[in-house]
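A.B. asks: Got a structure for you, written out below as structure tokens; questions coming shortly.
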Amino acid sequence: MKTTPRVKILIDELVLYGFSRADREMIGESLSRELEQLVSAGNTDTLTSLGNIPVLRAPNISLSSGAKAETVGSKVAQAVHGSLNSQQ
């Protein structure tokens, strides 16, 4: 029986400027949720081969003025996921 590889992503620090405390918490929750969905839907074998990445710099993201916290978190997750996939 083949087991599914486990992937653990720990974001030690997420720097957000210009957002209220409530928005920062919602952004973090949205990022976590979206990143989990993206990783689950992809090929975890390639991510498990990356090992420990001490620093990952995701590209800048573009946001419309007044973007909702959930949208910000989702876009950050997509940027992080894309950066992880480009490490291969």
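Quick note on naming: the chains in the structure tokens go A, B, ... in the order shown, residues restart at 1 in each chain, and ligands are numbered from 1 in order of appearance.
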If you count only C-alpha atoms, which residues fall within 12 Å of Leu47 (chain A), apart from same-chain ones fewer than 5 positions away, as a VMD selection string?
C.D. replies: chain A and resid 5 to 9 38 to 40 42 52 to 53 81 to 88
A.B. asks: Deliver the residues from the most recent selection as a file, using N, CA and C atoms, as a JSON list (two decimals), in the first residue's frame.
C.D. replies:
```
[["chain", "number", "residue", "atom", "x", "y", "z"],
["A", 5, "PRO", "N", 2.81, 11.11, 0.76],
["A", 5, "PRO", "CA", 3.84, 11.87, 1.49],
["A", 5, "PRO", "C", 3.20, 13.00, 2.30],
["A", 6, "ARG", "N", 3.80, 13.27, 3.44],
["A", 6, "ARG", "CA", 3.32, 14.37, 4.27],
["A", 6, "ARG", "C", 4.18, 15.59, 4.01],
["A", 7, "VAL", "N", 3.53, 16.71, 3.89],
["A", 7, "VAL", "CA", 4.22, 17.98, 3.67],
["A", 7, "VAL", "C", 3.86, 18.89, 4.83],
["A", 8, "LYS", "N", 4.87, 19.46, 5.45],
["A", 8, "LYS", "CA", 4.64, 20.42, 6.52],
["A", 8, "LYS", "C", 5.29, 21.73, 6.12],
["A", 9, "ILE", "N", 4.48, 22.77, 6.07],
["A", 9, "ILE", "CA", 4.99, 24.09, 5.72],
["A", 9, "ILE", "C", 4.82, 24.97, 6.95],
["A", 38, "LEU", "N", -3.90, 24.29, -2.16],
["A", 38, "LEU", "CA", -2.99, 24.23, -3.30],
["A", 38, "LEU", "C", -2.03, 23.05, -3.19],
["A", 39, "VAL", "N", -1.48, 22.85, -2.01],
["A", 39, "VAL", "CA", -0.53, 21.75, -1.80],
["A", 39, "VAL", "C", -1.25, 20.41, -1.94],
["A", 40, "SER", "N", -2.45, 20.30, -1.37],
["A", 40, "SER", "CA", -3.21, 19.05, -1.44],
["A", 40, "SER", "C", -3.59, 18.69, -2.87],
["A", 42, "GLY", "N", -1.86, 19.46, -5.54],
["A", 42, "GLY", "CA", -0.69, 19.29, -6.41],
["A", 42, "GLY", "C", 0.03, 18.00, -6.15],
["A", 52, "ASN", "N", 14.25, 21.21, 3.75],
["A", 52, "ASN", "CA", 14.12, 22.45, 4.51],
["A", 52, "ASN", "C", 14.58, 23.63, 3.66],
["A", 53, "ILE", "N", 13.74, 24.64, 3.54],
["A", 53, "ILE", "CA", 14.10, 25.86, 2.84],
["A", 53, "ILE", "C", 14.10, 26.97, 3.89],
["A", 81, "HIS", "N", 3.18, 29.31, -2.99],
["A", 81, "HIS", "CA", 3.09, 28.01, -3.66],
["A", 81, "HIS", "C", 3.87, 28.02, -4.97],
["A", 82, "GLY", "N", 3.72, 29.10, -5.72],
["A", 82, "GLY", "CA", 4.47, 29.22, -6.98],
["A", 82, "GLY", "C", 5.97, 29.24, -6.74],
["A", 83, "SER", "N", 6.40, 29.92, -5.67],
["A", 83, "SER", "CA", 7.83, 29.97, -5.34],
["A", 83, "SER", "C", 8.33, 28.59, -4.92],
["A", 84, "LEU", "N", 7.54, 27.86, -4.17],
["A", 84, "LEU", "CA", 7.93, 26.50, -3.79],
["A", 84, "LEU", "C", 8.09, 25.62, -5.02],
["A", 85, "ASN", "N", 7.16, 25.72, -5.95],
["A", 85, "ASN", "CA", 7.23, 24.90, -7.16],
["A", 85, "ASN", "C", 8.40, 25.30, -8.05],
["A", 86, "SER", "N", 8.82, 26.54, -7.99],
["A", 86, "SER", "CA", 9.96, 26.98, -8.83],
["A", 86, "SER", "C", 11.30, 26.57, -8.23],
["A", 87, "GLN", "N", 11.31, 26.05, -6.98],
["A", 87, "GLN", "CA", 12.54, 25.60, -6.32],
["A", 87, "GLN", "C", 13.02, 24.26, -6.85],
["A", 88, "GLN", "N", 12.19, 23.56, -7.58],
["A", 88, "GLN", "CA", 12.50, 22.20, -8.00],
["A", 88, "GLN", "C", 13.53, 22.16, -9.09]]
```
A.B. asks: Can you list, as JSON, numbers by chain, all residues belonging to region 8-87 of chain A that DSSP tags as helix (DSSP H, G or I)?
C.D. replies: {"A": [21, 22, 23, 24, 25, 26, 27, 28, 29, 30, 31, 32, 33, 34, 35, 36, 37, 38, 39, 40, 41, 44, 45, 46, 47, 48, 69, 70, 71, 72, 73, 74, 75, 76, 77, 78, 79, 80, 81, 82, 83, 84, 85, 86]}
A.B. asks: Using only C-alpha atoms, which residues sit within 10 Å of Arg57 (chain A) once same-chain residues fewer than 2 positions away are excluded, as a VMD selection string?
C.D. replies: chain A and resid 55 59 to 60 79 to 80 83 to 84
A.B. asks: Please measure the separation of CA of Ala22 (chain A) and CA of Leu56 (chain A), giving the value in Å to one decimal.
C.D. replies: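 One can read the CA of Ala22 (chain A) to CA of Leu56 (chain A) distance as 25.2 Å.
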A.B. asks: Between CA of Ser64 (chain A) and CA of Arg21 (chain A), what distance in Å does the model show, to one decimal?
C.D. replies: 19.6 Å
A.B. asks: Give me the residues near Gly66 (chain A) as a list of chain:residue names, where near means some atom within 12 Å (using only C-alpha atoms) and where sequence neighbours in that chain fewer than 3 positions away do not count.
C.D. replies: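 Skipping anything fewer than 3 positions along the chain leaves A:Gly18, A:Phe19, A:Asp23, A:Ser62, A:Leu63, A:Ala69, A:Glu70, A:Thr71, A:Val72.
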A.B. asks: Using N, CA and C atoms, can you write the selected residues to a file as a PDB file, in the first residue's frame?
C.D. replies:
```pdb
ATOM      1  N   GLY A  18       0.515  47.972   6.623  1.00  0.00           N
ATOM      2  CA  GLY A  18      -0.658  48.712   6.170  1.00  0.00           C
ATOM      3  C   GLY A  18      -1.982  48.005   6.370  1.00  0.00           C
ATOM      4  N   PHE A  19      -2.005  46.983   7.214  1.00  0.00           N
ATOM      5  CA  PHE A  19      -3.249  46.254   7.489  1.00  0.00           C
ATOM      6  C   PHE A  19      -3.566  46.336   8.973  1.00  0.00           C
ATOM      7  N   ASP A  23      -7.393  42.440  10.146  1.00  0.00           N
ATOM      8  CA  ASP A  23      -7.106  42.020   8.771  1.00  0.00           C
ATOM      9  C   ASP A  23      -5.894  41.102   8.718  1.00  0.00           C
ATOM     10  N   SER A  62       0.087  41.921  -6.757  1.00  0.00           N
ATOM     11  CA  SER A  62      -0.673  43.137  -7.053  1.00  0.00           C
ATOM     12  C   SER A  62      -2.060  43.006  -6.451  1.00  0.00           C
ATOM     13  N   LEU A  63      -2.483  44.061  -5.775  1.00  0.00           N
ATOM     14  CA  LEU A  63      -3.806  44.075  -5.152  1.00  0.00           C
ATOM     15  C   LEU A  63      -4.549  45.323  -5.585  1.00  0.00           C
ATOM     16  N   ALA A  69      -9.336  41.019   3.019  1.00  0.00           N
ATOM     17  CA  ALA A  69      -8.283  40.250   3.681  1.00  0.00           C
ATOM     18  C   ALA A  69      -8.201  38.833   3.123  1.00  0.00           C
ATOM     19  N   GLU A  70      -9.342  38.231   2.834  1.00  0.00           N
ATOM     20  CA  GLU A  70      -9.348  36.868   2.294  1.00  0.00           C
ATOM     21  C   GLU A  70      -8.651  36.820   0.937  1.00  0.00           C
ATOM     22  N   THR A  71      -8.846  37.838   0.133  1.00  0.00           N
ATOM     23  CA  THR A  71      -8.212  37.908  -1.179  1.00  0.00           C
ATOM     24  C   THR A  71      -6.701  38.074  -1.035  1.00  0.00           C
ATOM     25  N   VAL A  72      -6.290  38.916  -0.102  1.00  0.00           N
ATOM     26  CA  VAL A  72      -4.865  39.125   0.140  1.00  0.00           C
ATOM     27  C   VAL A  72      -4.213  37.804   0.553  1.00  0.00           C
TER      28      VAL A  72
END
```
A.B. asks: Using only C-alpha atoms, can you tell me which of A:Val76, A:Leu16, A:Leu35, A:Ile27 comes closest to Ala58 (chain A)?
C.D. replies: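 Of A:Val76, A:Leu16, A:Leu35, A:Ile27, the one nearest Ala58 (chain A) is A:Val76, counting only C-alpha atoms.
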A.B. asks: Kindly indicate which residue among A:Leu14, A:Gly28, A:Ser49, A:Ile61 lies nearest to Lys75 (chain A), using only C-alpha atoms for the distances.
C.D. replies: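 Among A:Leu14, A:Gly28, A:Ser49, A:Ile61, it is A:Ile61 that comes nearest to Lys75 (chain A).
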A.B. asks: Expressed in Å to a single decimal, how great is the separation between CA of Glu34 (chain A) and CA of Leu10 (chain A)?
C.D. replies: 14.1 Å
